[in-house]
>>> print(open('input.txt').read())   # compact mmCIF, C-alpha atoms and all ligand atoms
# COMPACT_ATOMS: atom_id res chain seq x y z
CA MET A 242 64.54 35.50 70.63
CA ASN A 243 64.78 33.42 67.44
CA ILE A 244 67.47 31.32 69.16
CA PHE A 245 65.91 31.23 72.62
CA SER A 246 62.49 30.29 71.27
CA LYS A 247 63.96 27.23 69.51
CA ALA A 248 65.75 25.86 72.58
CA PRO A 249 64.98 22.22 73.47
CA TYR A 250 61.77 22.27 75.47
CA ARG A 251 63.41 20.56 78.44
CA LEU A 252 65.64 23.65 78.89
CA THR A 253 62.67 26.01 78.61
CA ALA A 254 60.68 23.93 81.08
CA SER A 255 63.61 24.05 83.48
CA GLY A 256 63.62 27.85 83.22
CA ILE A 257 59.90 27.94 83.95
CA SER A 258 60.39 25.64 86.93
CA ASP A 259 63.14 27.88 88.25
CA LEU A 260 60.70 30.78 88.09
CA MET A 261 57.72 29.06 89.75
CA ASP A 262 59.62 29.08 93.03
CA LYS A 263 58.80 32.77 93.30
CA TYR A 264 55.59 31.99 95.12
CA THR A 265 57.41 30.35 98.03
CA ALA A 266 60.46 32.63 97.92
CA LEU A 267 58.29 35.74 98.07
CA VAL A 268 56.23 34.25 100.91
CA ASP A 269 59.47 33.51 102.78
CA TRP A 270 60.52 37.12 102.27
CA LYS A 271 57.22 38.45 103.61
CA ILE A 272 57.28 36.11 106.62
CA SER A 273 60.84 37.13 107.45
CA HIS A 274 59.84 40.79 107.17
CA ILE A 275 56.95 40.26 109.62
CA ILE A 276 58.96 38.17 112.10
CA THR A 277 62.43 39.73 111.94
CA GLY A 278 61.81 43.13 110.38
CA GLU A 279 63.97 42.23 107.37
CA TYR A 280 63.91 44.89 104.65
CA PHE A 281 60.97 44.37 102.29
CA CYS A 282 60.32 46.27 99.06
CA PRO A 283 56.64 46.24 97.97
CA THR A 284 57.52 47.59 94.51
CA ILE A 285 59.96 44.78 93.69
CA HIS A 286 57.62 42.22 95.26
CA LYS A 287 54.84 43.48 92.95
CA LEU A 288 57.09 43.41 89.86
CA GLU A 289 58.11 39.83 90.62
CA MET A 290 54.56 38.66 91.24
CA GLU A 291 53.33 40.28 88.01
CA ALA A 292 56.14 38.66 86.00
CA VAL A 293 55.58 35.16 87.35
CA THR A 294 51.79 35.43 87.09
CA GLU A 295 52.16 36.57 83.47
CA VAL A 296 54.39 33.59 82.64
CA GLU A 297 51.96 31.22 84.35
CA SER A 298 49.12 32.56 82.20
CA ILE A 299 50.96 31.92 78.90
CA LEU A 300 52.50 28.50 79.56
CA ASP A 301 50.76 26.89 76.56
CA ASN A 302 52.10 29.57 74.21
CA ILE A 303 55.60 29.22 75.65
CA LYS A 304 55.39 25.48 75.06
CA SER A 305 54.54 26.07 71.41
CA GLY A 306 57.54 28.41 71.05
CA ASN A 307 55.63 31.67 70.55
CA GLU A 308 58.44 34.26 70.40
CA GLU A 309 56.48 37.03 72.12
CA CYS A 310 55.69 34.72 75.03
CA MET A 311 59.24 33.40 75.16
CA GLU A 312 60.35 37.01 75.50
CA LYS A 313 58.07 37.39 78.53
CA LEU A 314 59.67 34.29 80.07
CA MET A 315 63.14 35.71 79.47
CA TYR A 316 62.05 39.06 80.96
CA ALA A 317 60.82 37.30 84.11
CA LEU A 318 64.08 35.34 84.44
CA LEU A 319 66.19 38.47 83.93
CA LEU A 320 64.03 40.48 86.31
CA SER A 321 64.74 37.92 89.00
CA GLY A 322 68.49 38.50 88.66
CA LEU A 323 68.10 42.28 88.51
CA ALA A 324 65.80 42.31 91.53
CA MET A 325 68.43 40.41 93.56
CA GLN A 326 70.97 43.07 92.60
CA MET A 327 68.56 45.83 93.66
CA ILE A 328 67.80 44.22 97.04
CA GLY A 329 71.37 43.12 97.64
CA ASN A 330 70.58 39.48 98.49
CA SER A 331 68.83 36.44 97.05
CA ARG A 332 65.85 36.38 99.44
CA LEU A 333 63.25 37.04 96.72
CA ALA A 334 64.52 34.31 94.42
CA PHE A 335 65.49 31.46 96.72
CA GLY A 336 63.04 29.78 99.03
CA ALA A 337 63.30 26.37 100.67
CA GLU A 338 63.04 24.69 97.25
CA HIS A 339 66.22 26.45 96.12
CA HIS A 340 68.07 25.69 99.31
CA ILE A 341 67.50 21.96 98.84
CA SER A 342 68.43 22.25 95.14
CA HIS A 343 71.65 24.10 96.03
CA LEU A 344 72.40 21.50 98.68
CA TRP A 345 72.07 18.73 96.07
CA GLU A 346 74.22 20.73 93.64
CA MET A 347 76.97 21.09 96.27
CA THR A 348 76.88 17.26 96.65
CA VAL A 349 77.41 17.44 100.42
CA ILE A 350 74.67 14.92 101.20
CA ASN A 351 74.44 13.10 97.86
CA GLU A 352 76.29 12.07 94.72
CA HIS A 353 75.92 14.17 91.55
CA ILE A 354 72.29 14.28 90.39
CA ASP A 355 71.90 14.20 86.63
CA ALA A 356 69.11 16.78 86.36
CA LEU A 357 68.82 20.41 85.32
CA HIS A 358 68.73 23.10 88.00
CA GLY A 359 65.07 23.95 87.37
CA GLU A 360 64.13 20.28 87.57
CA LYS A 361 65.75 20.00 90.99
CA VAL A 362 64.00 23.19 92.08
CA SER A 363 60.67 21.65 91.02
CA VAL A 364 61.30 18.55 93.09
CA GLY A 365 62.23 20.77 96.05
CA LEU A 366 59.05 22.78 95.52
CA ILE A 367 56.90 19.64 95.54
CA MET A 368 58.69 18.48 98.71
CA TYR A 369 58.11 21.76 100.54
CA LEU A 370 54.60 22.72 99.42
CA ASP A 371 53.26 20.34 102.03
CA LYS A 372 55.31 22.13 104.71
CA TYR A 373 53.98 25.52 103.60
CA GLU A 374 50.43 24.17 103.81
CA LYS A 375 51.10 23.05 107.38
CA ILE A 376 52.60 26.45 108.27
CA LEU A 377 49.52 28.15 106.82
CA GLN A 378 47.21 25.93 108.88
CA THR A 379 49.26 26.70 111.99
CA ILE A 380 49.06 30.46 111.35
CA GLU A 381 45.31 30.28 110.66
CA SER A 382 44.69 28.32 113.84
CA ASP A 383 46.66 30.95 115.77
CA LYS A 384 49.17 28.38 117.02
CA CYS A 385 52.22 29.79 115.21
CA LYS A 386 55.27 30.61 117.31
CA VAL A 387 58.93 31.31 116.58
CA ILE A 388 61.43 28.87 118.09
CA ASP A 389 65.08 29.83 118.27
CA ASN A 390 66.98 26.79 117.05
CA ALA A 391 70.26 28.43 116.03
CA GLU A 392 72.30 26.03 118.14
CA PHE A 393 70.77 23.00 116.40
CA GLU A 394 71.26 24.47 112.95
CA THR A 395 74.90 25.35 113.64
CA ALA A 396 75.64 21.73 114.55
CA LEU A 397 73.74 20.51 111.49
CA LEU A 398 75.60 22.93 109.20
CA LYS A 399 78.95 21.91 110.68
CA ASP A 400 78.16 18.24 110.16
CA THR A 401 76.76 18.69 106.64
CA PHE A 402 79.22 21.15 105.11
CA GLY A 403 82.22 20.22 107.22
CA ARG A 404 82.49 16.95 105.29
CA LYS A 405 83.64 18.88 102.24
CA GLY A 406 85.55 21.59 104.09
CA LEU A 407 82.89 24.17 103.28
CA TYR A 408 81.72 25.05 106.80
CA GLU A 409 84.18 27.89 107.52
CA GLY A 410 83.53 29.51 104.12
CA ILE A 411 79.78 29.34 104.65
CA LEU A 412 80.14 30.92 108.08
CA ALA A 413 82.26 33.73 106.64
CA GLU A 414 79.85 34.31 103.76
CA ASN A 415 76.77 34.45 105.95
CA GLY A 416 78.29 36.28 108.89
CA GLU A 417 76.28 36.51 112.04
CA SER A 418 73.07 35.31 110.39
CA LEU A 419 74.25 31.78 111.26
ZN ZN B 501 67.31 28.87 90.43
>>> encode(input="input.txt", output="structure tokens", more="lines below")
Ligand SMILES: [Zn+2]
Amino acid sequence: MNIFSKAPYRLTASGISDLMDKYTALVDWKISHIITGEYFCPTIHKLEMEAVTEVESILDNIKSGNEECMEKLMYALLLSGLAMQMIGNSRLAFGAEHHISHLWEMTVINEHIDALHGEKVSVGLIMYLDKYEKILQTIESDKCKVIDNAEFETALLKDTFGRKGLYEGILAENGESL
């Protein structure tokens, strides 16, 4: 902790940003559970929510380098990795904000972006919060419906990832979910 707590603040802030995606990732997980019946673990969901809420409540102390609070940040980051291992996939850690960040990091639609991972995740989160708000309004107005657009997405994936020869590997990795 004496090393971690003295890290340049930009790195710490990036770690915090990487963690704040939990709100959308966990919502995605719940929505998928409701719509598709995907496995959902209330215990892990609760652990994740508690960890991220705790970090959010001590942001000022983390900024000042308080070791006890930095330890809580590290716990939350480690828990995220462990929880993925327990569930067997990355659903609870990666929402839309991570998908766009990973897309940028794979440089299939852009040149290299000189920013830390958490910074890119934050930009993705800002981009998608508006979409989540619209989805919420649609659900609340009882106008929400599921549209099967697998054919469109397959063509989009082929076009996007095919440019770098990644399409076949992505298909193999994701199996029939594509
Ligand atoms: Zn991340």
>>> closest_residue(input="input.txt", among="A:Tyr250, A:Trp270, A:Tyr408, A:Phe335", to="ligand ZN 501 (chain B)", atoms="only C-alpha atoms and all ligand atoms")
A:Phe335
>>> closest_residue(input="input.txt", among="A:Ala317, A:Ile376, A:Cys282, A:Leu344", to="Val362 of chain A", atoms="all atoms listed in the file")
A:Leu344
>>> atom_distance(input="input.txt", atom1="atom CA of Ser255 of chain A", atom2="atom CA of Asn243 of chain A")
18.6 Å
>>> residues_near_ligand(input="input.txt", ligand="ligand ZN 501 (chain B)", cutoff="9 Å", atoms="only C-alpha atoms and all ligand atoms", output="PyMOL selection string")
chain A and resi 256+258-260+262+334-335+339+342-343+358-359+362
>>> residues_around(input="input.txt", residues="Ala266 of chain A", least_positions_apart="5", cutoff="12 Å", atoms="all atoms listed in the file", output="VMD selection string")
chain A and resid 259 to 261 271 to 273 286 289 to 290 293 321 325 331 to 340 362 366 369 to 370 373
